[in-house]
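One file, target.pdb, is given below (PDB, C-alpha atoms, pLDDT in the B column).
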```pdb
MODEL        1
ATOM      1  CA  MET A 150       8.610  -0.287   3.126  1.00 92.00           C
ATOM      2  CA  ALA A 151      10.325  -2.590   5.618  1.00 92.00           C
ATOM      3  CA  CYS A 152       9.403  -0.212   8.473  1.00 94.00           C
ATOM      4  CA  TYR A 153       5.863   0.032   7.044  1.00 93.00           C
ATOM      5  CA  ALA A 154       5.459  -3.768   6.976  1.00 94.00           C
ATOM      6  CA  LEU A 155       7.020  -4.321  10.408  1.00 94.00           C
ATOM      7  CA  GLY A 156       5.011  -1.477  11.947  1.00 91.00           C
ATOM      8  CA  LEU A 157       1.788  -2.781  10.429  1.00 92.00           C
ATOM      9  CA  GLY A 158       2.561  -6.322  11.566  1.00 92.00           C
ATOM     10  CA  LEU A 159       3.175  -5.136  15.107  1.00 91.00           C
ATOM     11  CA  ARG A 160      -0.060  -3.107  15.044  1.00 87.00           C
ATOM     12  CA  ILE A 161      -1.973  -6.232  14.034  1.00 87.00           C
ATOM     13  CA  LYS A 162      -0.205  -8.154  16.808  1.00 83.00           C
ATOM     14  CA  GLU A 163      -0.844  -5.364  19.348  1.00 78.00           C
ATOM     15  CA  ARG A 164      -4.527  -5.350  18.497  1.00 75.00           C
ATOM     16  CA  SER A 165      -4.685  -9.088  19.125  1.00 71.00           C
ATOM     17  CA  LEU A 166      -2.781  -8.676  22.433  1.00 65.00           C
ATOM     18  CA  GLY A 167      -4.823  -5.652  23.464  1.00 58.00           C
ATOM     19  CA  SER A 168      -7.497  -7.309  25.525  1.00 49.00           C
ATOM     20  CA  ARG A 169      -5.373 -10.052  27.080  1.00 49.00           C
ATOM     21  CA  ALA A 170      -2.029  -8.387  27.818  1.00 48.00           C
ATOM     22  CA  SER A 171      -2.034  -6.766  31.222  1.00 50.00           C
ATOM     23  CA  ASP A 172       1.705  -7.027  31.839  1.00 52.00           C
ATOM     24  CA  GLY A 173       2.674  -4.097  29.633  1.00 61.00           C
ATOM     25  CA  ARG A 174       3.454  -6.235  26.574  1.00 61.00           C
ATOM     26  CA  SER A 175       0.700  -4.574  24.582  1.00 67.00           C
ATOM     27  CA  ALA A 176       1.975  -1.075  25.412  1.00 74.00           C
ATOM     28  CA  SER A 177       5.513  -2.116  24.534  1.00 80.00           C
ATOM     29  CA  VAL A 178       4.433  -3.570  21.186  1.00 80.00           C
ATOM     30  CA  ASP A 179       2.339  -0.446  20.544  1.00 82.00           C
ATOM     31  CA  GLY A 180       5.318   1.820  21.224  1.00 87.00           C
ATOM     32  CA  LEU A 181       7.592  -0.166  18.917  1.00 91.00           C
ATOM     33  CA  ALA A 182       4.931  -0.187  16.191  1.00 89.00           C
ATOM     34  CA  ALA A 183       4.517   3.602  16.507  1.00 91.00           C
ATOM     35  CA  SER A 184       8.291   4.092  16.289  1.00 93.00           C
ATOM     36  CA  LEU A 185       8.590   1.922  13.188  1.00 94.00           C
ATOM     37  CA  TRP A 186       5.576   3.675  11.647  1.00 94.00           C
ATOM     38  CA  GLY A 187       7.122   7.110  12.176  1.00 95.00           C
ATOM     39  CA  LEU A 188      10.581   5.972  11.036  1.00 96.00           C
ATOM     40  CA  GLY A 189       9.113   4.405   7.896  1.00 96.00           C
ATOM     41  CA  CYS A 190       7.286   7.652   7.158  1.00 97.00           C
ATOM     42  CA  LEU A 191      10.509   9.619   7.598  1.00 97.00           C
ATOM     43  CA  PHE A 192      12.420   7.255   5.276  1.00 97.00           C
ATOM     44  CA  TYR A 193       9.616   7.567   2.733  1.00 96.00           C
ATOM     45  CA  ILE A 194       9.770  11.382   2.810  1.00 98.00           C
ATOM     46  CA  VAL A 195      13.559  11.225   2.289  1.00 98.00           C
ATOM     47  CA  HIS A 196      12.980   8.803  -0.618  1.00 96.00           C
ATOM     48  CA  VAL A 197      10.484  11.176  -2.254  1.00 97.00           C
ATOM     49  CA  ALA A 198      12.749  14.194  -1.727  1.00 98.00           C
ATOM     50  CA  CYS A 199      15.733  12.356  -3.230  1.00 98.00           C
ATOM     51  CA  ALA A 200      13.674  11.179  -6.217  1.00 96.00           C
ATOM     52  CA  PHE A 201      12.445  14.705  -6.891  1.00 97.00           C
ATOM     53  CA  HIS A 202      15.865  16.262  -6.380  1.00 98.00           C
ATOM     54  CA  TYR A 203      18.152  13.817  -8.169  1.00 97.00           C
ATOM     55  CA  PHE A 204      15.841  12.224 -10.725  1.00 96.00           C
ATOM     56  CA  HIS A 205      13.066  14.716 -11.550  1.00 97.00           C
ATOM     57  CA  HIS A 206      15.009  17.931 -10.730  1.00 97.00           C
ATOM     58  CA  TRP A 207      12.026  19.255  -8.733  1.00 97.00           C
ATOM     59  CA  SER A 208       9.797  19.111 -11.818  1.00 97.00           C
ATOM     60  CA  HIS A 209       6.251  17.905 -11.335  1.00 97.00           C
ATOM     61  CA  ALA A 210       5.948  17.546 -15.142  1.00 97.00           C
ATOM     62  CA  ALA A 211       9.015  15.267 -15.244  1.00 97.00           C
ATOM     63  CA  ALA A 212       7.627  13.133 -12.405  1.00 97.00           C
ATOM     64  CA  LEU A 213       4.245  12.941 -14.164  1.00 97.00           C
ATOM     65  CA  GLU A 214       5.904  11.821 -17.410  1.00 97.00           C
ATOM     66  CA  HIS A 215       8.059   9.263 -15.607  1.00 96.00           C
ATOM     67  CA  THR A 216       4.967   7.847 -13.905  1.00 96.00           C
ATOM     68  CA  ALA A 217       3.167   7.625 -17.262  1.00 96.00           C
ATOM     69  CA  VAL A 218       6.115   5.821 -18.890  1.00 96.00           C
ATOM     70  CA  ARG A 219       6.512   3.361 -15.982  1.00 95.00           C
ATOM     71  CA  SER A 220       2.802   2.560 -15.896  1.00 95.00           C
ATOM     72  CA  ALA A 221       2.853   1.933 -19.674  1.00 96.00           C
ATOM     73  CA  GLU A 222       5.828  -0.417 -19.228  1.00 95.00           C
ATOM     74  CA  VAL A 223       4.191  -2.356 -16.397  1.00 93.00           C
ATOM     75  CA  VAL A 224       0.460  -2.359 -17.144  1.00 92.00           C
ATOM     76  CA  GLY A 225       0.391  -1.365 -20.817  1.00 95.00           C
ATOM     77  CA  ARG A 226      -1.356   1.970 -20.307  1.00 95.00           C
ATOM     78  CA  ARG A 227       0.085   5.438 -19.746  1.00 95.00           C
ATOM     79  CA  PHE A 228      -1.274   6.730 -16.460  1.00 94.00           C
ATOM     80  CA  GLY A 229       0.769   9.643 -15.165  1.00 95.00           C
ATOM     81  CA  GLU A 230      -2.107  10.637 -12.916  1.00 95.00           C
ATOM     82  CA  GLY A 231      -1.025   7.815 -10.608  1.00 94.00           C
ATOM     83  CA  LEU A 232       1.467  10.373  -9.307  1.00 96.00           C
ATOM     84  CA  TYR A 233      -1.424  12.117  -7.565  1.00 97.00           C
ATOM     85  CA  LEU A 234      -2.126   8.901  -5.671  1.00 97.00           C
ATOM     86  CA  ASN A 235       1.495   8.989  -4.515  1.00 97.00           C
ATOM     87  CA  TYR A 236       0.984  12.551  -3.301  1.00 98.00           C
ATOM     88  CA  LEU A 237      -2.150  11.436  -1.454  1.00 98.00           C
ATOM     89  CA  PHE A 238      -0.221   8.497   0.039  1.00 98.00           C
ATOM     90  CA  THR A 239       2.355  10.973   1.361  1.00 98.00           C
ATOM     91  CA  VAL A 240      -0.296  13.181   2.961  1.00 98.00           C
ATOM     92  CA  VAL A 241      -2.112  10.196   4.473  1.00 98.00           C
ATOM     93  CA  TRP A 242       1.032   8.619   5.958  1.00 97.00           C
ATOM     94  CA  VAL A 243       2.387  11.905   7.339  1.00 98.00           C
ATOM     95  CA  GLY A 244      -1.008  12.777   8.826  1.00 97.00           C
ATOM     96  CA  ASP A 245      -1.463   9.330  10.335  1.00 96.00           C
ATOM     97  CA  ALA A 246       2.059   9.234  11.792  1.00 95.00           C
ATOM     98  CA  ALA A 247       1.698  12.770  13.179  1.00 96.00           C
ATOM     99  CA  TRP A 248      -1.619  11.899  14.815  1.00 95.00           C
ATOM    100  CA  GLN A 249      -0.078   8.811  16.382  1.00 92.00           C
ATOM    101  CA  LEU A 250       2.873  10.814  17.734  1.00 90.00           C
ATOM    102  CA  CYS A 251       0.860  13.790  18.982  1.00 93.00           C
ATOM    103  CA  ASP A 252      -2.195  12.084  20.473  1.00 93.00           C
ATOM    104  CA  ARG A 253      -1.442   8.424  21.219  1.00 88.00           C
ATOM    105  CA  GLU A 254      -4.615   7.864  23.248  1.00 89.00           C
ATOM    106  CA  GLY A 255      -6.871   9.506  20.651  1.00 93.00           C
ATOM    107  CA  TYR A 256      -5.140   7.494  17.960  1.00 91.00           C
ATOM    108  CA  ARG A 257      -5.840   4.250  19.849  1.00 87.00           C
ATOM    109  CA  ARG A 258      -9.528   5.194  20.068  1.00 91.00           C
ATOM    110  CA  ARG A 259      -9.859   6.120  16.369  1.00 91.00           C
ATOM    111  CA  PRO A 260     -12.863   4.608  14.591  1.00 93.00           C
ATOM    112  CA  ARG A 261     -12.225   1.219  12.985  1.00 88.00           C
ATOM    113  CA  ARG A 262     -13.599   2.504   9.678  1.00 94.00           C
ATOM    114  CA  TYR A 263     -10.899   5.198   9.667  1.00 94.00           C
ATOM    115  CA  ASP A 264      -8.208   2.616  10.346  1.00 89.00           C
ATOM    116  CA  PHE A 265      -9.639   0.318   7.660  1.00 90.00           C
ATOM    117  CA  ALA A 266      -9.712   3.124   5.062  1.00 95.00           C
ATOM    118  CA  VAL A 267      -6.180   4.343   5.853  1.00 95.00           C
ATOM    119  CA  GLN A 268      -4.638   0.876   6.039  1.00 92.00           C
ATOM    120  CA  GLY A 269      -6.523  -0.327   2.961  1.00 93.00           C
ATOM    121  CA  PHE A 270      -5.330   2.615   0.881  1.00 97.00           C
ATOM    122  CA  MET A 271      -1.767   2.408   2.183  1.00 95.00           C
ATOM    123  CA  ALA A 272      -1.610  -1.369   1.644  1.00 93.00           C
ATOM    124  CA  PHE A 273      -2.883  -0.925  -1.924  1.00 95.00           C
ATOM    125  CA  MET A 274      -0.201   1.684  -2.619  1.00 96.00           C
ATOM    126  CA  ALA A 275       2.578  -0.304  -0.925  1.00 94.00           C
ATOM    127  CA  LEU A 276       1.610  -3.469  -2.808  1.00 93.00           C
ATOM    128  CA  ASN A 277       1.739  -1.581  -6.095  1.00 93.00           C
ATOM    129  CA  ALA A 278       5.059   0.054  -5.228  1.00 92.00           C
ATOM    130  CA  VAL A 279       6.952  -3.084  -4.275  1.00 93.00           C
ATOM    131  CA  VAL A 280       5.141  -5.960  -6.000  1.00 91.00           C
ATOM    132  CA  VAL A 281       3.592  -4.528  -9.183  1.00 91.00           C
ATOM    133  CA  PHE A 282       6.156  -1.811  -9.992  1.00 92.00           C
ATOM    134  CA  GLY A 283       9.088  -3.283  -8.059  1.00 91.00           C
ATOM    135  CA  HIS A 284      11.575  -5.669  -9.578  1.00 89.00           C
ATOM    136  CA  GLY A 285      14.106  -8.264  -8.498  1.00 93.00           C
ATOM    137  CA  ALA A 286      14.519  -8.868  -4.776  1.00 93.00           C
ATOM    138  CA  THR A 287      12.197  -5.970  -3.917  1.00 92.00           C
ATOM    139  CA  ARG A 288       9.307  -7.719  -5.643  1.00 93.00           C
ATOM    140  CA  TRP A 289       9.958 -11.070  -3.938  1.00 95.00           C
ATOM    141  CA  VAL A 290      10.506  -9.637  -0.469  1.00 94.00           C
ATOM    142  CA  GLY A 291       7.404  -7.465  -0.920  1.00 93.00           C
ATOM    143  CA  THR A 292       5.357 -10.477  -1.968  1.00 94.00           C
ATOM    144  CA  ALA A 293       6.579 -12.479   1.042  1.00 94.00           C
ATOM    145  CA  ALA A 294       5.825  -9.561   3.390  1.00 94.00           C
ATOM    146  CA  THR A 295       2.335  -9.197   1.905  1.00 93.00           C
ATOM    147  CA  VAL A 296       1.603 -12.904   2.369  1.00 94.00           C
ATOM    148  CA  ALA A 297       2.957 -12.799   5.950  1.00 94.00           C
ATOM    149  CA  LEU A 298       0.842  -9.745   6.831  1.00 94.00           C
ATOM    150  CA  VAL A 299      -2.312 -11.272   5.354  1.00 93.00           C
ATOM    151  CA  MET A 300      -1.701 -14.505   7.279  1.00 94.00           C
ATOM    152  CA  LEU A 301      -1.089 -12.547  10.502  1.00 93.00           C
ATOM    153  CA  TRP A 302      -4.283 -10.544   9.962  1.00 90.00           C
ATOM    154  CA  ILE A 303      -6.337 -13.711   9.297  1.00 92.00           C
ATOM    155  CA  ARG A 304      -4.888 -15.370  12.394  1.00 90.00           C
ATOM    156  CA  SER A 305      -5.635 -12.265  14.450  1.00 88.00           C
ATOM    157  CA  LYS A 306      -9.250 -12.247  13.224  1.00 84.00           C
ATOM    158  CA  ARG A 307      -9.616 -15.976  13.949  1.00 85.00           C
ATOM    159  CA  ASP A 308      -8.130 -15.609  17.456  1.00 81.00           C
ATOM    160  CA  SER A 309     -10.417 -12.636  18.121  1.00 75.00           C
ATOM    161  CA  ALA A 310     -13.480 -14.630  17.043  1.00 77.00           C
ATOM    162  CA  LEU A 311     -12.443 -17.564  19.249  1.00 77.00           C
ATOM    163  CA  ARG A 312     -12.142 -15.269  22.304  1.00 74.00           C
ATOM    164  CA  LYS A 313     -15.712 -14.020  21.897  1.00 67.00           C
TER     165      LYS A 313
ENDMDL
END
```

Would you write the structure of this file as structure tokens?
Amino acid sequence: MACYALGLGLRIKERSLGSRASDGRSASVDGLAASLWGLGCLFYIVHVACAFHYFHHWSHAAALEHTAVRSAEVVGRRFGEGLYLNYLFTVVWVGDAAWQLCDREGYRRRPRRYDFAVQGFMAFMALNAVVVFGHGATRWVGTAATVALVMLWIRSKRDSALRK
């Protein structure tokens, strides 16, 4: 999640630099953001594989039950089907990271509505993972990262509006 947050923060920053950076700073920030995005995706896949191997013993039913129990503990309602959202999150992040690695220029030109949908869904899932279902330091660091990203996004939007 640290790579996710840093990569997303750099993408927001890169977008705000995009039209005014002609000295290569924007490309450098973009490259670092892409690297963090891909590394975060790789770490996430390792996390999922370890959870399924060591905790659920490669049983979808065990993972579904665990998700239902955890959701009942946190929100007061059994909802094992949330596991399917985690599967979707995996597919979305892998697909997005692969697109960024394989076709950087096409990725840069992607429609804003695509980016909004992907980032909105991923942010919702990340927020739930670290703030709602996280505990201890994970919850507090996740909350701070969320606040920092929202502030960066608002500042980026304000700066963009001022340039117009």

Tell me which protein, DNA and RNA residues are within 12 Å of Ala154 (chain A), counting all atoms listed in the file, leaving out same-chain ones fewer than 6 positions away, and put them as a compact mmCIF listing (two decimals) with C-alpha atoms, in the frame of the given file.
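The resulting file, around.txt, is reproduced below:
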```
# COMPACT_ATOMS: atom_id res chain seq x y z
CA ARG A 160 -0.06 -3.11 15.04
CA ILE A 161 -1.97 -6.23 14.03
CA ALA A 182 4.93 -0.19 16.19
CA LEU A 185 8.59 1.92 13.19
CA TRP A 186 5.58 3.68 11.65
CA LEU A 188 10.58 5.97 11.04
CA GLY A 189 9.11 4.40 7.90
CA CYS A 190 7.29 7.65 7.16
CA GLN A 268 -4.64 0.88 6.04
CA MET A 271 -1.77 2.41 2.18
CA ALA A 272 -1.61 -1.37 1.64
CA ALA A 275 2.58 -0.30 -0.92
CA LEU A 276 1.61 -3.47 -2.81
CA VAL A 279 6.95 -3.08 -4.28
CA VAL A 290 10.51 -9.64 -0.47
CA GLY A 291 7.40 -7.46 -0.92
CA THR A 292 5.36 -10.48 -1.97
CA ALA A 293 6.58 -12.48 1.04
CA ALA A 294 5.82 -9.56 3.39
CA THR A 295 2.34 -9.20 1.90
CA VAL A 296 1.60 -12.90 2.37
CA ALA A 297 2.96 -12.80 5.95
CA LEU A 298 0.84 -9.74 6.83
CA VAL A 299 -2.31 -11.27 5.35
CA LEU A 301 -1.09 -12.55 10.50
```

Inset, instruction - Pick out the residues sitting within 9 Å of region 212-214 of chain A, and hand them over as a PyMOL selection string; count all atoms listed in the file, and ignore anything fewer than 2 positions along from it in its own chain. - result: chain A and resi 200-201+204-210+216-219+227-233

Legend entry - Separation of CA of Leu159 (chain A) from CA of Leu311 (chain A), in Å and rounded to one decimal: 20.4 Å

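Using only C-alpha atoms, the smallest distance between any of A:Ala211, A:Pro260, A:Tyr193, A:Phe265 and Val240 (chain A) comes from A:Tyr193.
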
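Taking CA of Phe273 (chain A) and CA of Phe238 (chain A) as the two end points, the separation is 10.0 Å.
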
Inset, instruction - Given the file shown, determine the residues that the PyMOL selection byres ((chain A and resi 264) around 12) selects; report them as a list in words. - result: Leu157, Arg160, Ile161, Arg164, Val241, Trp242, Asp245, Gln249, Tyr256, Arg257, Arg258, Arg259, Pro260, Arg261, Arg262, Tyr263, Phe265, Ala266, Val267, Gln268, Gly269, Phe270, Met271 and Ala272 of chain A

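Here CA of Arg307 (chain A) and CA of Ser184 (chain A) stand 27.0 Å from one another.
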
Inset, instruction - Choose the residue, out of A:Gly283, A:Trp248, A:Val178, A:Val243, that has the smallest atom-to-atom separation from Phe192 (chain A); count all atoms listed in the file. - result: A:Val243

Grab all the atoms of region 211-225 of chain A that the file lists, wrap them in a box along x, y and z, add 6 Å per side, and give me centre plus edge lengths in Å (one decimal) as AutoDock Vina command-line options.
```
--center_x 4.7 --center_y 6.5 --center_z -16.6 --size_x 20.6 --size_y 29.6 --size_z 20.4
```
